[in-house]
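Since the structure comes first, as structure tokens, the remarks are kept for the end.
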Amino acid sequence: MSRMPWHGVVVATALPFRDDLSVDLDAYAENLRGLIDAGCDGVCPNGSLGEYQTLTDDERAAVVRTAVETVGGDRVLAGVAAYGSMESRRWAEQAAEAGVGAVMLLPPNAYRADERSVIAHYKAVAEVGIPIVAYNNPFDTKVDLVPELLQQLHEAGYIRAIKEFSGDTRRAYRIKELAPELDLLIGADDVLLELALAGAAGWVSGYPNAIPHACVDLYRAAITGDLQTALPLYRELHPLLRWDSRTEFVQAIKLSMDLAGRHGGGCRPPRVPLLPEQFDTIKADTLRVLPLEDQARERKQG
């Protein structure tokens, strides 16, 4: 099967803002080029790491267009989450018009939707005709896309892959039993190795925003079963990777980006700055692993 926009290392991109918190599309494009140069396979604009909830409609559309123009639509998996199905469908239509290869869709997240509502939601967006990656984040949406529900959505033709963020690695095997053709994507950085070994087809990732070369090396080793390479690297990176599953994940990853010389910066409200102890911990862990990032970059360039 040819590579799909959700295969490999697909970075859920952080969005840089200027000092006045306006969107800096030039810095964003520079970040995107750096990710592809580092070996990442694609990008996912307008995910939660991209602070899509805080963007105006014009800003959100411009982010998608910038991604397509910078890396090519076949490398773009655009987030189209919204409170209502009509709005998500509109964003899917905008993404299709911009030329993206696929979209990523959360279940309804304005309330705890029941199963019939979830199915109707994915059906409505699937009618746009663009491939959909479902995103299971039961912590934030209060809706759990359990394997049996994923089976229904896949068999109906509404979804092609699942970004699994529940942290329950046992689900990988149940999903494969119920829907063997549904691509499983690693959805949380701190279960990368476990889900890679379980047969994941991709990683919708956070920390490659800051340390892409090392993360690409980790993913490639993990999916090929090269534990001699993957396990020690995973242990070294895990103190940072686990921030991807914490409330302050955007602030943490943007701080690491700044320390790595990439465009991170501040966040739009209501996100607030890290606490001093959080800042110090993330800074220390980032500086500790930056030599690994430099070594990975040098190997690629050599």
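In the structure tokens, the first chain shown is A, the next is B, and so on; residue numbers restart at 1 for each chain, and ligands run from 1 in the order shown.
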
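The list of residues with at least one atom within 12 Å of stretch 139-141 of chain A, based on only C-alpha atoms and without residues fewer than 5 positions apart in the same chain, reads A:Ser48, A:Ala81, A:Ala82, A:Tyr83, A:Leu105, A:Leu106, A:Pro107, A:Pro108, A:Asn109, A:Ala110, A:Tyr111, A:Arg112, A:Ala113, A:Asp114, A:Val118, A:Glu164, A:Phe165, A:Ser166, A:Gly167, A:Ser245, A:Arg246, A:Thr247.
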
Stretch 104-239 of chain A: residues DSSP assigns to strand (DSSP E or B), reported as an MDAnalysis selection string | chainID A and resid 104:105 132:136 161:164 183:186 202:205

Do you know which residues are at most 9 Å from A:Arg60 counting only C-alpha atoms, after dropping those on the same chain fewer than 6 positions away, and could you put them as a PyMOL selection string?
-> chain A and resi 45-46+52

Could you write out that same residue set with all heavy atoms as a PDB file, in the first residue's frame?
ATOM      1  N   PRO A  45      -1.465  20.218  11.084  1.00  0.00           N
ATOM      2  CA  PRO A  45      -1.820  21.541  11.596  1.00  0.00           C
ATOM      3  C   PRO A  45      -3.198  21.524  12.257  1.00  0.00           C
ATOM      4  O   PRO A  45      -4.028  20.651  11.991  1.00  0.00           O
ATOM      5  CB  PRO A  45      -1.839  22.401  10.328  1.00  0.00           C
ATOM      6  CG  PRO A  45      -2.212  21.446   9.234  1.00  0.00           C
ATOM      7  CD  PRO A  45      -1.609  20.118   9.629  1.00  0.00           C
ATOM      8  N   ASN A  46      -3.415  22.484  13.130  1.00  0.00           N
ATOM      9  CA  ASN A  46      -4.712  22.688  13.785  1.00  0.00           C
ATOM     10  C   ASN A  46      -5.149  21.514  14.643  1.00  0.00           C
ATOM     11  O   ASN A  46      -6.340  21.199  14.743  1.00  0.00           O
ATOM     12  CB  ASN A  46      -5.798  23.028  12.751  1.00  0.00           C
ATOM     13  CG  ASN A  46      -5.601  24.404  12.148  1.00  0.00           C
ATOM     14  OD1 ASN A  46      -4.955  25.261  12.735  1.00  0.00           O
ATOM     15  ND2 ASN A  46      -6.144  24.608  10.953  1.00  0.00           N
ATOM     16  N   TYR A  52      -5.696  25.268  18.093  1.00  0.00           N
ATOM     17  CA  TYR A  52      -6.730  25.625  17.116  1.00  0.00           C
ATOM     18  C   TYR A  52      -7.955  26.261  17.766  1.00  0.00           C
ATOM     19  O   TYR A  52      -8.658  27.078  17.156  1.00  0.00           O
ATOM     20  CB  TYR A  52      -7.155  24.382  16.314  1.00  0.00           C
ATOM     21  CG  TYR A  52      -8.055  23.423  17.051  1.00  0.00           C
ATOM     22  CD1 TYR A  52      -9.447  23.534  16.981  1.00  0.00           C
ATOM     23  CD2 TYR A  52      -7.534  22.403  17.853  1.00  0.00           C
ATOM     24  CE1 TYR A  52     -10.274  22.659  17.664  1.00  0.00           C
ATOM     25  CE2 TYR A  52      -8.360  21.525  18.536  1.00  0.00           C
ATOM     26  CZ  TYR A  52      -9.724  21.654  18.440  1.00  0.00           C
ATOM     27  OH  TYR A  52     -10.549  20.796  19.131  1.00  0.00           O
TER      28      TYR A  52
END

Residues at most 12 Å from A:Arg171, counting only C-alpha atoms, excluding those fewer than 5 positions away in the same chain, as a ChimeraX atom specification?
-> /A:136,144-148,150,162-166,176-179,184-186,194-195,198-200

Preceding selection exported with C-alpha atoms as a PDB file, in the first residue's frame:
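The resulting file, part-v5.pdb, is reproduced below:
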ATOM      1  CA  ASN A 136      -9.597   9.114  20.522  1.00  0.00           C
ATOM      2  CA  ASP A 144     -14.220   7.042  24.407  1.00  0.00           C
ATOM      3  CA  LEU A 145     -13.843   5.559  20.934  1.00  0.00           C
ATOM      4  CA  VAL A 146     -13.623   1.987  22.180  1.00  0.00           C
ATOM      5  CA  PRO A 147     -12.515  -0.762  19.760  1.00  0.00           C
ATOM      6  CA  GLU A 148     -16.075  -1.953  19.132  1.00  0.00           C
ATOM      7  CA  LEU A 150     -14.113   1.981  15.928  1.00  0.00           C
ATOM      8  CA  ILE A 162      -7.299   5.916  14.606  1.00  0.00           C
ATOM      9  CA  LYS A 163      -5.021   8.169  16.628  1.00  0.00           C
ATOM     10  CA  GLU A 164      -5.126   6.338  19.963  1.00  0.00           C
ATOM     11  CA  PHE A 165      -4.474   8.590  22.974  1.00  0.00           C
ATOM     12  CA  SER A 166      -6.151   6.611  25.752  1.00  0.00           C
ATOM     13  CA  LYS A 176      -6.484  -5.216  15.124  1.00  0.00           C
ATOM     14  CA  GLU A 177      -8.757  -8.182  15.861  1.00  0.00           C
ATOM     15  CA  LEU A 178     -11.970  -6.255  15.203  1.00  0.00           C
ATOM     16  CA  ALA A 179     -10.811  -4.004  12.348  1.00  0.00           C
ATOM     17  CA  LEU A 184      -3.471   2.268  14.370  1.00  0.00           C
ATOM     18  CA  LEU A 185      -1.568   5.493  15.047  1.00  0.00           C
ATOM     19  CA  ILE A 186       0.449   6.237  18.164  1.00  0.00           C
ATOM     20  CA  GLU A 194       4.669  -0.044  23.157  1.00  0.00           C
ATOM     21  CA  LEU A 195       2.329   0.831  20.282  1.00  0.00           C
ATOM     22  CA  ALA A 198       2.022  -3.595  18.549  1.00  0.00           C
ATOM     23  CA  GLY A 199       1.984  -2.736  14.847  1.00  0.00           C
ATOM     24  CA  ALA A 200       1.254   0.986  14.596  1.00  0.00           C
TER      25      ALA A 200
END

Within 12 Å of A:Ile211, counting only C-alpha atoms, which residues show up once you throw out same-chain ones fewer than 3 positions away? Write them as a PyMOL selection string, please.
-> chain A and resi 11+31+34-35+38-40+205-208+214-218+237+240-241+253-262+285-297

Would you mind exporting the chosen residues as a PDB file, in the first residue's frame, restricted to C-alpha atoms?
ATOM      1  CA  VAL A  11       4.055  15.985  13.690  1.00  0.00           C
ATOM      2  CA  ASN A  31       9.433  25.093  11.478  1.00  0.00           C
ATOM      3  CA  GLY A  34      12.863  21.896   9.422  1.00  0.00           C
ATOM      4  CA  LEU A  35      10.640  18.950  10.327  1.00  0.00           C
ATOM      5  CA  ALA A  38      14.820  16.109   9.697  1.00  0.00           C
ATOM      6  CA  GLY A  39      13.054  13.107   8.179  1.00  0.00           C
ATOM      7  CA  CYS A  40       9.517  13.555   9.483  1.00  0.00           C
ATOM      8  CA  SER A 205       3.561  13.181  17.559  1.00  0.00           C
ATOM      9  CA  GLY A 206       4.332  16.177  19.730  1.00  0.00           C
ATOM     10  CA  TYR A 207       7.974  16.237  20.772  1.00  0.00           C
ATOM     11  CA  PRO A 208       9.448  16.022  17.260  1.00  0.00           C
ATOM     12  CA  ALA A 214      16.191  11.938  17.612  1.00  0.00           C
ATOM     13  CA  CYS A 215      12.453  11.212  17.517  1.00  0.00           C
ATOM     14  CA  VAL A 216      12.616  10.001  13.916  1.00  0.00           C
ATOM     15  CA  ASP A 217      15.490   7.694  14.846  1.00  0.00           C
ATOM     16  CA  LEU A 218      13.465   6.387  17.788  1.00  0.00           C
ATOM     17  CA  LEU A 237      13.721  10.785  25.855  1.00  0.00           C
ATOM     18  CA  LEU A 240      10.271  14.759  27.897  1.00  0.00           C
ATOM     19  CA  LEU A 241       7.886  12.522  25.964  1.00  0.00           C
ATOM     20  CA  ILE A 253       6.948  21.470  23.933  1.00  0.00           C
ATOM     21  CA  LYS A 254       7.217  25.150  22.994  1.00  0.00           C
ATOM     22  CA  LEU A 255       9.841  25.657  25.714  1.00  0.00           C
ATOM     23  CA  SER A 256      11.852  22.733  24.389  1.00  0.00           C
ATOM     24  CA  MET A 257      11.524  24.168  20.884  1.00  0.00           C
ATOM     25  CA  ASP A 258      12.955  27.489  22.050  1.00  0.00           C
ATOM     26  CA  LEU A 259      15.872  25.728  23.734  1.00  0.00           C
ATOM     27  CA  ALA A 260      16.506  23.740  20.543  1.00  0.00           C
ATOM     28  CA  GLY A 261      16.599  26.873  18.400  1.00  0.00           C
ATOM     29  CA  ARG A 262      13.170  26.427  16.832  1.00  0.00           C
ATOM     30  CA  ASP A 285      15.682  17.486  30.488  1.00  0.00           C
ATOM     31  CA  THR A 286      15.783  19.269  27.135  1.00  0.00           C
ATOM     32  CA  LEU A 287      19.393  20.383  27.534  1.00  0.00           C
ATOM     33  CA  ARG A 288      20.292  16.846  28.565  1.00  0.00           C
ATOM     34  CA  VAL A 289      18.931  15.322  25.335  1.00  0.00           C
ATOM     35  CA  LEU A 290      19.988  18.023  22.872  1.00  0.00           C
ATOM     36  CA  PRO A 291      23.356  16.280  22.343  1.00  0.00           C
ATOM     37  CA  LEU A 292      21.385  13.204  21.206  1.00  0.00           C
ATOM     38  CA  GLU A 293      19.500  15.421  18.760  1.00  0.00           C
ATOM     39  CA  ASP A 294      22.776  16.852  17.460  1.00  0.00           C
ATOM     40  CA  GLN A 295      24.233  13.353  17.031  1.00  0.00           C
ATOM     41  CA  ALA A 296      21.140  12.199  15.141  1.00  0.00           C
ATOM     42  CA  ARG A 297      21.354  15.245  12.875  1.00  0.00           C
TER      43      ARG A 297
END

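Considering the residues A:Gln301, A:Thr13, A:Thr224, A:Gln94 and counting only C-alpha atoms, A:Glu51 has its shortest atom-to-atom contact with A:Thr13.
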
Nearby residues (only C-alpha atoms) at most 6 Å from A:Val80, same-chain spacing under 3 positions excluded, as JSON, numbers by chain | {"A": [88, 91, 92, 105]}

Would you save the residues of that selection, restricted to N, CA, C and O atoms, as a short mmCIF file (atom, residue, chain, number, x, y, z; two decimals), in the first residue's frame?
data_model
loop_
_atom_site.label_atom_id
_atom_site.label_comp_id
_atom_site.auth_asym_id
_atom_site.auth_seq_id
_atom_site.Cartn_x
_atom_site.Cartn_y
_atom_site.Cartn_z
N SER A 88 -17.34 21.02 11.77
CA SER A 88 -16.27 20.10 11.39
C SER A 88 -16.31 19.79 9.90
O SER A 88 -15.28 19.72 9.22
N TRP A 91 -14.84 22.62 8.01
CA TRP A 91 -13.38 22.64 8.05
C TRP A 91 -12.80 21.54 7.17
O TRP A 91 -11.74 21.71 6.56
N ALA A 92 -13.48 20.41 7.08
CA ALA A 92 -13.03 19.34 6.18
C ALA A 92 -13.12 19.80 4.72
O ALA A 92 -12.23 19.51 3.91
N LEU A 105 -10.14 13.94 12.99
CA LEU A 105 -11.40 14.38 13.56
C LEU A 105 -11.65 13.76 14.93
O LEU A 105 -11.73 12.54 15.08
#

Just the residues within 12 Å of A:Asp19, please, counting only C-alpha atoms, with nothing from its chain fewer than 5 positions along; format it as a ChimeraX atom specification.
-> /A:24,264-268

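Between atom CA of A:Ala95 and atom CA of A:Glu115 the separation is 26.2 Å.
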
Quote the spacing between atom CA of A:Arg220 and atom CA of A:Gly187 in Å to one decimal place.
-> 16.1 Å

Between atom CA of A:Val10 and atom CA of A:Gly202 lies a distance of 7.2 Å

Based on DSSP run over this structure's backbone, return all residues of stretch 33-176 of chain A in alpha helix (DSSP H), as a VMD selection string.
-> chain A and resid 33 to 37 57 to 71 85 to 98 115 to 126 138 to 141 147 to 155 171 to 176

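Of the listed residues (A:Leu15, A:Asp244, A:Gly157, A:Ala98), A:Leu15 comes nearest to A:Glu59; the distances count only C-alpha atoms.
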